[in-house]
Each structure stands twice: as structure tokens, then as C-alpha cells.
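What follows is the content of run.cif, which has mmCIF, C-alpha atoms and all ligand atoms:
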data_query
#
loop_
_atom_site.label_atom_id
_atom_site.label_comp_id
_atom_site.auth_asym_id
_atom_site.auth_seq_id
_atom_site.Cartn_x
_atom_site.Cartn_y
_atom_site.Cartn_z
CA MET X 25 -7.95 13.56 -31.37
CA ASN X 26 -9.02 16.14 -28.91
CA ILE X 27 -7.25 15.25 -25.68
CA SER X 28 -8.87 16.55 -22.52
CA LYS X 29 -7.10 19.56 -21.00
CA ARG X 30 -7.23 17.89 -17.62
CA VAL X 31 -5.38 14.86 -18.96
CA LYS X 32 -2.83 17.00 -20.80
CA ALA X 33 -1.91 18.57 -17.47
CA PHE X 34 -0.78 15.19 -16.11
CA PRO X 35 2.93 14.37 -16.32
CA PRO X 36 3.79 10.82 -17.44
CA TYR X 37 3.75 8.41 -14.50
CA LYS X 38 7.17 7.76 -13.12
CA SER X 39 8.12 6.25 -9.86
CA LYS X 40 11.25 8.10 -8.88
CA SER X 41 13.77 5.43 -8.15
CA VAL X 42 17.35 5.03 -9.15
CA GLY X 43 19.69 2.05 -9.50
CA ASN X 44 18.70 -1.37 -10.71
CA ASN X 45 20.64 -4.30 -9.35
CA ILE X 46 19.23 -4.87 -5.88
CA ARG X 47 15.65 -3.59 -5.89
CA MET X 48 14.83 -1.90 -2.63
CA ASP X 49 12.65 0.84 -4.10
CA LYS X 50 9.05 -0.36 -4.44
CA ASN X 51 8.20 -1.99 -1.12
CA GLU X 52 7.73 -5.35 -2.80
CA SER X 53 8.37 -8.65 -1.08
CA PRO X 54 11.98 -9.72 -1.65
CA TYR X 55 10.97 -13.39 -1.65
CA PRO X 56 10.03 -15.19 -4.86
CA LEU X 57 7.00 -17.47 -4.79
CA PRO X 58 8.16 -20.99 -3.76
CA LYS X 59 8.12 -23.55 -6.59
CA GLU X 60 5.47 -25.76 -4.98
CA ILE X 61 3.09 -22.81 -4.64
CA LYS X 62 3.67 -21.82 -8.26
CA LYS X 63 2.87 -25.43 -9.20
CA GLU X 64 -0.37 -25.28 -7.21
CA VAL X 65 -1.33 -22.08 -9.03
CA LEU X 66 -0.54 -23.65 -12.41
CA THR X 67 -2.55 -26.79 -11.57
CA GLU X 68 -5.55 -24.60 -10.75
CA LEU X 69 -4.94 -22.47 -13.82
CA ASP X 70 -4.98 -25.58 -15.99
CA LYS X 71 -8.67 -26.02 -15.09
CA VAL X 72 -9.53 -22.53 -16.34
CA GLN X 73 -11.37 -22.13 -19.61
CA PHE X 74 -9.29 -19.43 -21.24
CA ASN X 75 -11.98 -18.65 -23.82
CA ARG X 76 -14.42 -17.72 -21.04
CA TYR X 77 -14.55 -14.57 -18.96
CA PRO X 78 -13.46 -15.00 -15.34
CA GLN X 79 -15.96 -15.40 -12.52
CA ILE X 80 -18.08 -12.30 -12.26
CA ALA X 81 -17.29 -10.13 -9.21
CA ALA X 82 -14.63 -12.72 -8.22
CA ARG X 83 -17.21 -14.47 -6.03
CA SER X 84 -15.02 -17.28 -4.67
CA LEU X 85 -12.06 -15.03 -3.86
CA ARG X 86 -14.42 -12.65 -2.07
CA GLU X 87 -15.80 -15.57 -0.07
CA SER X 88 -12.32 -16.79 0.86
CA LEU X 89 -11.31 -13.26 1.85
CA ALA X 90 -14.49 -12.86 3.89
CA ASP X 91 -13.63 -16.07 5.79
CA TYR X 92 -10.11 -14.85 6.40
CA LEU X 93 -11.27 -11.42 7.57
CA GLY X 94 -14.29 -12.56 9.57
CA VAL X 95 -16.71 -10.41 7.57
CA GLY X 96 -19.36 -11.25 4.96
CA PRO X 97 -18.57 -11.48 1.22
CA GLU X 98 -20.96 -8.54 0.87
CA ASN X 99 -18.35 -6.46 2.74
CA VAL X 100 -15.54 -7.07 0.26
CA VAL X 101 -14.71 -5.97 -3.27
CA VAL X 102 -11.54 -7.08 -5.06
CA GLY X 103 -9.61 -5.51 -7.87
CA SER X 104 -6.45 -5.34 -9.84
CA GLY X 105 -4.27 -4.07 -7.01
CA SER X 106 -5.50 -1.79 -4.25
CA ASP X 107 -4.62 1.07 -6.60
CA GLU X 108 -7.77 0.23 -8.54
CA MET X 109 -9.83 0.59 -5.38
CA ILE X 110 -8.94 4.27 -4.98
CA PRO X 111 -10.74 5.61 -8.10
CA LEU X 112 -13.53 3.10 -7.46
CA VAL X 113 -14.15 4.61 -4.03
CA LEU X 114 -13.89 8.16 -5.39
CA ASN X 115 -16.35 7.40 -8.20
CA THR X 116 -18.80 5.83 -5.76
CA LEU X 117 -18.87 8.72 -3.30
CA SER X 118 -20.12 12.19 -3.98
CA ALA X 119 -17.27 14.19 -2.49
CA PRO X 120 -15.57 17.01 -4.36
CA ARG X 121 -12.87 17.57 -1.70
CA ALA X 122 -10.16 15.20 -0.56
CA ILE X 123 -7.92 15.67 2.47
CA ILE X 124 -4.50 14.08 2.28
CA THR X 125 -1.75 14.14 4.89
CA PRO X 126 1.61 14.48 3.12
CA PRO X 127 4.10 12.98 3.02
CA THR X 128 1.95 10.03 2.06
CA PHE X 129 1.21 7.62 -0.81
CA SER X 130 1.17 9.64 -4.02
CA MET X 131 -1.79 7.91 -5.67
CA TYR X 132 -4.40 9.58 -3.42
CA ARG X 133 -3.44 12.90 -4.87
CA PHE X 134 -3.20 11.47 -8.38
CA TYR X 135 -6.74 10.04 -8.42
CA ALA X 136 -8.24 12.99 -6.56
CA GLU X 137 -6.82 15.32 -9.20
CA LEU X 138 -7.92 13.02 -12.03
CA ASN X 139 -11.42 13.16 -10.55
CA GLN X 140 -11.20 16.97 -10.49
CA MET X 141 -11.55 17.06 -6.73
CA SER X 142 -10.07 19.90 -4.79
CA LEU X 143 -7.17 18.72 -2.73
CA VAL X 144 -6.61 19.86 0.85
CA LYS X 145 -3.21 19.07 2.31
CA VAL X 146 -2.88 18.77 6.07
CA PRO X 147 0.78 17.80 6.44
CA LEU X 148 2.02 15.46 9.14
CA ASN X 149 3.87 17.29 11.90
CA ASP X 150 7.65 17.13 12.37
CA SER X 151 7.38 13.76 14.12
CA PHE X 152 5.18 12.49 11.25
CA ARG X 153 2.09 12.48 13.47
CA LEU X 154 -1.39 13.34 12.25
CA SER X 155 -2.71 16.81 13.02
CA VAL X 156 -6.18 15.54 13.79
CA GLU X 157 -7.53 18.88 14.96
CA LYS X 158 -6.39 20.56 11.75
CA ILE X 159 -7.97 17.79 9.67
CA LYS X 160 -11.20 18.24 11.59
CA GLU X 161 -11.14 21.99 10.92
CA GLU X 162 -10.96 21.25 7.19
CA ILE X 163 -13.75 18.70 7.16
CA ASP X 164 -17.17 19.52 5.76
CA ASP X 165 -19.96 17.39 4.30
CA LYS X 166 -18.28 17.34 0.88
CA THR X 167 -14.97 15.98 2.08
CA ILE X 168 -13.32 12.59 2.21
CA VAL X 169 -10.13 11.83 4.11
CA PHE X 170 -7.29 9.54 3.06
CA ILE X 171 -5.14 8.03 5.79
CA CYS X 172 -2.40 5.49 5.23
CA SER X 173 -1.34 3.44 8.28
CA PRO X 174 1.44 2.37 8.47
CA ASN X 175 2.10 5.43 6.38
CA ASN X 176 4.10 5.22 3.17
CA PRO X 177 6.81 6.62 3.15
CA THR X 178 7.27 7.47 6.85
CA GLY X 179 6.55 3.94 8.16
CA ASN X 180 4.65 4.93 11.32
CA VAL X 181 1.24 3.72 12.47
CA PHE X 182 -1.34 6.28 13.52
CA PRO X 183 -2.99 5.55 16.88
CA ARG X 184 -6.41 3.95 16.84
CA ASP X 185 -7.96 6.73 18.92
CA GLN X 186 -7.06 9.23 16.18
CA ILE X 187 -8.71 7.05 13.55
CA VAL X 188 -11.79 6.78 15.75
CA ASP X 189 -11.74 10.54 16.34
CA LEU X 190 -11.84 11.10 12.57
CA LEU X 191 -14.53 8.46 12.05
CA ASP X 192 -16.66 10.17 14.66
CA THR X 193 -16.90 13.19 12.36
CA ASP X 194 -18.93 10.96 9.96
CA VAL X 195 -16.83 11.98 7.01
CA PRO X 196 -15.84 9.09 4.67
CA LEU X 197 -12.44 7.81 5.73
CA ILE X 198 -10.35 5.78 3.29
CA LEU X 199 -7.89 3.90 5.45
CA ASP X 200 -5.08 2.28 3.48
CA GLU X 201 -3.64 -0.70 5.32
CA ALA X 202 -1.29 -1.90 2.56
CA TYR X 203 1.46 -2.57 5.13
CA TRP X 204 -0.59 -3.60 8.18
CA GLU X 205 0.89 -7.12 8.39
CA PHE X 206 4.30 -5.65 9.27
CA SER X 207 2.82 -3.67 12.14
CA GLY X 208 0.31 -6.19 13.46
CA SER X 209 -2.17 -3.39 14.07
CA THR X 210 -5.32 -2.92 12.07
CA ASN X 211 -8.56 -1.01 12.35
CA ILE X 212 -10.51 -3.23 9.99
CA ASP X 213 -12.86 -4.32 12.80
CA LEU X 214 -14.17 -0.74 12.91
CA VAL X 215 -15.95 -1.39 9.59
CA GLU X 216 -18.63 -3.13 11.65
CA SER X 217 -19.46 -0.04 13.70
CA TYR X 218 -18.58 2.80 11.30
CA GLN X 219 -20.54 3.17 8.06
CA ASN X 220 -18.09 5.83 6.86
CA LEU X 221 -14.99 3.60 6.84
CA VAL X 222 -13.43 1.96 3.78
CA VAL X 223 -10.28 -0.09 4.43
CA LEU X 224 -7.92 -0.85 1.54
CA ARG X 225 -5.62 -3.88 1.57
CA THR X 226 -3.27 -5.51 -0.92
CA PHE X 227 -1.61 -8.82 -1.82
CA SER X 228 1.40 -6.92 -3.18
CA LYS X 229 3.39 -6.53 0.05
CA ALA X 230 3.30 -9.24 2.79
CA TYR X 231 1.60 -11.70 0.43
CA GLY X 232 4.33 -11.17 -2.14
CA ILE X 233 2.35 -11.26 -5.40
CA ALA X 234 2.67 -7.68 -6.67
CA GLY X 235 3.11 -9.05 -10.20
CA VAL X 236 -0.38 -10.53 -10.44
CA ARG X 237 -2.10 -7.43 -9.01
CA VAL X 238 -4.70 -8.14 -6.35
CA GLY X 239 -6.09 -5.72 -3.82
CA TYR X 240 -9.37 -5.28 -2.01
CA ALA X 241 -11.60 -2.90 -0.12
CA VAL X 242 -13.65 -3.69 2.96
CA SER X 243 -16.63 -1.59 3.98
CA ASN X 244 -20.31 -1.75 4.88
CA ALA X 245 -22.51 -3.83 2.56
CA ALA X 246 -24.27 -0.84 0.97
CA MET X 247 -21.00 0.89 0.04
CA ILE X 248 -19.60 -2.36 -1.39
CA ASP X 249 -22.81 -2.94 -3.34
CA TYR X 250 -22.44 0.48 -5.02
CA MET X 251 -18.78 -0.16 -5.73
CA LEU X 252 -19.67 -3.50 -7.35
CA ARG X 253 -22.28 -1.79 -9.52
CA ILE X 254 -19.81 0.60 -11.11
CA LYS X 255 -16.62 -1.43 -11.28
CA SER X 256 -15.67 -3.00 -14.55
CA PRO X 257 -17.38 -6.44 -14.35
CA TYR X 258 -14.31 -8.59 -15.09
CA ASN X 259 -11.68 -6.38 -13.47
CA LEU X 260 -9.76 -9.30 -12.01
CA ASN X 261 -8.39 -11.99 -14.30
CA SER X 262 -8.37 -15.72 -13.55
CA LEU X 263 -4.63 -15.94 -12.85
CA SER X 264 -4.86 -13.17 -10.25
CA MET X 265 -7.91 -14.69 -8.56
CA ILE X 266 -6.34 -18.14 -8.40
CA THR X 267 -2.99 -16.89 -7.10
CA ALA X 268 -4.66 -14.82 -4.38
CA GLU X 269 -6.80 -17.80 -3.31
CA VAL X 270 -3.77 -20.05 -3.15
CA MET X 271 -1.84 -17.45 -1.13
CA LEU X 272 -4.69 -17.12 1.35
CA ARG X 273 -4.01 -20.77 2.26
CA GLN X 274 -0.34 -19.98 2.98
CA HIS X 275 -0.66 -18.34 6.40
CA ASP X 276 2.45 -19.98 7.81
CA LEU X 277 4.63 -18.97 4.89
CA VAL X 278 3.35 -15.38 4.91
CA GLU X 279 3.72 -15.07 8.67
CA ASP X 280 7.24 -16.49 8.55
CA ARG X 281 8.27 -14.03 5.84
CA VAL X 282 6.71 -11.10 7.69
CA ARG X 283 8.62 -12.11 10.83
CA ARG X 284 11.86 -12.29 8.88
CA ILE X 285 11.31 -8.86 7.34
CA ILE X 286 10.54 -7.35 10.74
CA LYS X 287 13.71 -8.91 12.15
CA GLU X 288 15.76 -7.51 9.28
CA ARG X 289 14.10 -4.11 9.67
CA GLN X 290 15.08 -4.10 13.33
CA ARG X 291 18.62 -5.14 12.45
CA ILE X 292 19.04 -2.31 9.94
CA PHE X 293 17.41 0.15 12.32
CA GLY X 294 19.82 -0.98 15.03
CA ARG X 295 22.76 -0.25 12.76
CA LEU X 296 21.49 3.06 11.37
CA GLY X 297 19.34 4.25 14.26
CA ASP X 298 20.29 7.93 14.17
CA HIS X 299 19.85 8.07 10.43
CA CYS X 300 16.46 6.43 10.12
CA TYR X 301 12.97 6.84 11.42
CA PRO X 302 11.22 4.06 13.33
CA SER X 303 9.03 2.00 11.02
CA GLU X 304 6.28 -0.56 11.35
CA ALA X 305 6.26 -1.39 7.66
CA ASN X 306 8.55 -3.29 5.27
CA PHE X 307 10.66 -0.20 4.60
CA LEU X 308 12.66 2.45 6.41
CA LEU X 309 12.86 6.16 5.70
CA LEU X 310 16.45 7.34 5.96
CA ASP X 311 17.55 10.83 6.75
CA LEU X 312 20.30 10.49 4.16
CA ASP X 313 20.41 11.89 0.64
CA ALA X 314 22.02 8.69 -0.59
CA GLY X 315 19.95 7.85 -3.70
CA GLU X 316 22.62 8.49 -6.32
CA TYR X 317 25.37 7.03 -4.17
CA LEU X 318 23.49 3.74 -3.77
CA ALA X 319 22.40 3.72 -7.42
CA ASP X 320 26.04 3.95 -8.50
CA ARG X 321 26.59 0.81 -6.46
CA GLY X 322 23.64 -1.04 -8.00
CA ILE X 323 21.09 -0.55 -5.23
CA ALA X 324 17.72 0.94 -6.13
CA VAL X 325 16.01 2.97 -3.43
CA ARG X 326 13.09 5.39 -3.58
CA THR X 327 13.97 9.07 -3.82
CA PHE X 328 11.54 11.98 -3.65
CA GLU X 329 10.80 15.07 -5.69
CA SER X 330 9.07 17.05 -3.02
CA GLU X 331 8.83 17.19 0.77
CA LEU X 332 11.54 14.59 1.38
CA THR X 333 14.19 15.49 -1.17
CA ASP X 334 17.00 14.92 1.33
CA LYS X 335 15.78 11.45 2.29
CA VAL X 336 15.46 8.03 0.74
CA ARG X 337 13.11 5.15 1.43
CA VAL X 338 14.60 1.68 1.43
CA THR X 339 12.57 -1.52 1.23
CA ILE X 340 13.73 -4.30 3.54
CA GLY X 341 15.25 -7.07 1.45
CA ARG X 342 16.57 -10.55 2.08
CA ARG X 343 19.43 -10.77 4.56
CA GLU X 344 22.18 -10.84 1.95
CA GLN X 345 20.67 -7.86 0.12
CA ASN X 346 20.44 -5.96 3.38
CA ASP X 347 24.07 -6.76 4.12
CA GLU X 348 25.05 -5.33 0.76
CA PHE X 349 22.93 -2.26 1.41
CA LEU X 350 24.38 -1.81 4.90
CA LYS X 351 27.91 -2.08 3.59
CA TYR X 352 27.36 0.77 1.14
CA ILE X 353 25.21 2.99 3.32
CA GLN X 354 27.76 2.78 6.11
CA GLY X 355 30.38 3.74 3.52
CA TYR X 356 28.21 6.71 2.56
CA ILE X 357 27.88 7.80 6.20
CA ALA X 358 31.64 7.47 6.72
CA ASP X 359 32.30 9.54 3.55
CA GLU X 360 29.88 12.22 4.75
CA ASN X 361 31.57 12.40 8.12
CA SER X 362 35.13 12.48 6.82
C1 LIG I 401 0.15 2.79 0.72
C2 LIG I 401 0.00 2.02 -0.54
N1 LIG I 401 -1.23 1.71 -0.96
C3 LIG I 401 -1.40 1.01 -2.08
C4 LIG I 401 -0.33 0.61 -2.84
C5 LIG I 401 -0.58 -0.09 -4.13
O1 LIG I 401 -0.71 -1.42 -3.95
P1 LIG I 401 -1.21 -2.36 -5.12
O2 LIG I 401 -0.01 -3.05 -5.65
O3 LIG I 401 -2.16 -3.28 -4.44
O4 LIG I 401 -1.89 -1.54 -6.16
C6 LIG I 401 0.97 0.91 -2.45
C7 LIG I 401 2.11 0.48 -3.28
O5 LIG I 401 3.23 0.81 -3.08
C8 LIG I 401 1.13 1.65 -1.26
O6 LIG I 401 2.34 2.00 -0.84
#
What does this structure look like when you write it as C-alpha cells?
Ligand SMILES: Cc1ncc(COP(=O)(O)O)c(C=O)c1O
Amino acid sequence: MNISKRVKAFPPYKSKSVGNNIRMDKNESPYPLPKEIKKEVLTELDKVQFNRYPQIAARSLRESLADYLGVGPENVVVGSGSDEMIPLVLNTLSAPRAIITPPTFSMYRFYAELNQMSLVKVPLNDSFRLSVEKIKEEIDDKTIVFICSPNNPTGNVFPRDQIVDLLDTDVPLILDEAYWEFSGSTNIDLVESYQNLVVLRTFSKAYGIAGVRVGYAVSNAAMIDYMLRIKSPYNLNSLSMITAEVMLRQHDLVEDRVRRIIKERQRIFGRLGDHCYPSEANFLLLDLDAGEYLADRGIAVRTFESELTDKVRVTIGRREQNDEFLKYIQGYIADENS
């Protein structure tokens, strides 16, 4: 078979993490789904006709999401993880250039390159802030901008006035809010007034169902209509739809877990302050090259191939996991200082 040159140039996907006992590398929720919620999902699943395709365009999940978000169902499209939303947005827009702000989520670059877009990097400054003026200098009518807030892997939120400043340029802005629940700040309301905004969200982080893969995009009705036209018709399976719907009814549980993660994040930050950057997400970026050290002790954290090679990103876990992590990382710091 004649494999496309473009595809041959892609390395196999690997998420660079090391260690495998306590998983603090993928920004997942550390909490398993409670038994009674699993039961509810299975009861609903029992009603599904497995020989039939799932509901087209996930109508009822979109309606539930619309209720939750205070928008119309015509403003929402759902998919198999928010990852799936990225190529969907790129395929919908006619934009051969993408601006990214490294260090940031690697999949923007991946899909932009897969779509043969030219990639413009406007790095964050030394304090991980956006260089809005530099982004604006790079913008033209063929450009889209990716912003992740809170940003993965730095953990900081970008101020609303900067987002508005970028939206005022009229360029399409893809705003990834995968971690917004841990920060409490969102710009999703701006979808109402800005036609050039697409917000991406996921059930993989605060909602804790990364394994069933549900994400969504929120934008103006025309943009969503075009996205619905080109997406694969049955992109979300029945199990995923049902689980997401059930989780949308679990506000108290989700809020409680988010609160606990924030508390744990603050506790770790308090202990490691000088060695980690402030974060408003469910992870912390550490100024410590401790990937191998932690891996040898059974703790998986995210390491980096470029830009942040001397740092690791650690996902906040349950209290006992964090205690284990703190024990070893403090050992690492003591070793380094001795
Ligand atoms: C910023 C960001 N966006 C999107 C995703 C992907 O989420 P999903 O599981 O919904 O595909 C991740 C996953 O780590 C992420 O960090």
C-alpha cells in the first residue's frame, strides 16, 4: 500500500510518562466511579438495543448538556473525547495557519500538522503568561488560535481580558477548558457575544470518566451546524452517552471531588512551594527533573521531550497517593541538596 508521505513523517503516538504503580501522569481523576453510579449506568444500558446504532447526533446528551450550560442544544456538539473536537473544528474552518502557545497541550500541534496547516509558535513568557501582542502580530485572516486555560502543562489560567482581546481580532479562537472546573473560571458565556469562539470541554477530568471518552464543543449555532454536518454520524457510542448523562446528574459528587483535589493541590503546593508553579488545574508542574527517580519508586509522572525537559507534571491523586508522592519527592529534594 502506498502510505502518504505526510503520514510517514509522523512518529508513533506516545505519551511520555514513566513508572506505573501510582498513576499521576495523565491528569485523570483519581477516583473510581462509585458502585451505585455504575449500577445506574448499567440499568440504563440494559435498555439499549445493541443491534441498533446509537441516537444520531447524541440528541438527548446534547439537550442535557445545553440545560447544564444554559445554552441551546444547537450550540453543542459532542464526541469521543474533546480530542475528537480538535480535528472536527480544523476540518470545519478554512484556516491554513494555526497559532499555538507552547508549552501547551500537544494535540493542537498534532492535528494542525496532520491537516497540513502551517504552525506558528508564540511561546508563553517566562512566567507562563500569554504574549497577546505577539499573537496579534501573527494573526491574519487565514489564522486560527489555540488557547488552553487552565493551560496544560503549566496549570495557569489566562485572564479574561486577554481572551477578549484576542476575540476582538475576529480570528477563530479555540479555547480549551478541559480543566476549568478546578479553576472555577470559564469564558464559555462569551460564546453568546463572539461568533469566532469555540470552547472545548471534557468529561475526562473533573467528571472522572476518561475511559468512556466524552467531550464537547460549544459555539454559535452556525458553526455547530457545520461541525454536525461533517462529523461521523455515530461518533459517540451508547455507553458513552449514557455514562455522560448519568454523570451530569451528579453535581454534588463532582463538586465534592473537585474540592478535594483543589485541597490536595494546595497541600502539595504548600509543601513544595519553591519547587512548583502555582496551578488552577488538577496537576502541578514541578521544577524538578524527578521523572526517573519517581518511576523507580513506582510513581508515574509526565515528563517532557522538549521545552520542559528539566520539569515533571504531576496529577493530583487521592490523599494517600499524594502522601506517597510527597514522601519520595521530598527524598529527591533532600538527595539533590546533600
Ligand atoms: C488540555 C487538554 N485538552 C483535551 C484533552 C483531551 O481530553 P479528552 O479525554 O476529552 O480527549 C486533554 C487530555 O489530557 C488536555 O489536557
Distance filter 8 Å around ligand LIG 401 (chain I), atoms: all atoms listed in the file, out as a short mmCIF file (atom, residue, chain, number, x, y, z; two decimals) with C-alpha atoms, keeping the file's coordinate frame:
data_model
loop_
_atom_site.label_atom_id
_atom_site.label_comp_id
_atom_site.auth_asym_id
_atom_site.auth_seq_id
_atom_site.Cartn_x
_atom_site.Cartn_y
_atom_site.Cartn_z
CA LYS X 50 9.05 -0.36 -4.44
CA ASN X 51 8.20 -1.99 -1.12
CA GLU X 52 7.73 -5.35 -2.80
CA SER X 104 -6.45 -5.34 -9.84
CA GLY X 105 -4.27 -4.07 -7.01
CA SER X 106 -5.50 -1.79 -4.25
CA ASP X 107 -4.62 1.07 -6.60
CA GLU X 108 -7.77 0.23 -8.54
CA THR X 128 1.95 10.03 2.06
CA PHE X 129 1.21 7.62 -0.81
CA MET X 131 -1.79 7.91 -5.67
CA CYS X 172 -2.40 5.49 5.23
CA SER X 173 -1.34 3.44 8.28
CA PRO X 174 1.44 2.37 8.47
CA ASN X 175 2.10 5.43 6.38
CA ASN X 176 4.10 5.22 3.17
CA PRO X 177 6.81 6.62 3.15
CA ASP X 200 -5.08 2.28 3.48
CA GLU X 201 -3.64 -0.70 5.32
CA ALA X 202 -1.29 -1.90 2.56
CA TYR X 203 1.46 -2.57 5.13
CA LEU X 224 -7.92 -0.85 1.54
CA ARG X 225 -5.62 -3.88 1.57
CA THR X 226 -3.27 -5.51 -0.92
CA PHE X 227 -1.61 -8.82 -1.82
CA SER X 228 1.40 -6.92 -3.18
CA LYS X 229 3.39 -6.53 0.05
CA ALA X 234 2.67 -7.68 -6.67
CA ARG X 237 -2.10 -7.43 -9.01
CA VAL X 238 -4.70 -8.14 -6.35
CA GLY X 239 -6.09 -5.72 -3.82
CA TYR X 240 -9.37 -5.28 -2.01
#
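Using only C-alpha atoms, the smallest distance between any of X:Glu137, X:Gly103, X:Ser53, X:Ile110 and Arg30 of chain X comes from X:Glu137.
All residues of protein, DNA or RNA that reach within 8 Å of Asn180 of chain X, judged by all atoms listed in the file and not counting those fewer than 6 positions away in the chain, are Phe152, Ser173, Pro174, Pro302, Ser303, Glu304 and Ala305 of chain X.
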Limited to C-alpha atoms, could you put the picked residues into a file as a short mmCIF file (atom, residue, chain, number, x, y, z; two decimals), in the coordinates of the input?
data_model
loop_
_atom_site.label_atom_id
_atom_site.label_comp_id
_atom_site.auth_asym_id
_atom_site.auth_seq_id
_atom_site.Cartn_x
_atom_site.Cartn_y
_atom_site.Cartn_z
CA PHE X 152 5.18 12.49 11.25
CA SER X 173 -1.34 3.44 8.28
CA PRO X 174 1.44 2.37 8.47
CA PRO X 302 11.22 4.06 13.33
CA SER X 303 9.03 2.00 11.02
CA GLU X 304 6.28 -0.56 11.35
CA ALA X 305 6.26 -1.39 7.66
#
> For Phe170 of chain X, which of X:Val195, X:Ile123, X:Leu214, X:Ala136 is the closest residue, counting all atoms listed in the file?
Replying inline: X:Ile123
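If only C-alpha atoms are the atoms counted, then among X:Arg321, X:Arg133, X:Arg86, X:Arg121 the closest residue to Asp164 of chain X is X:Arg121.
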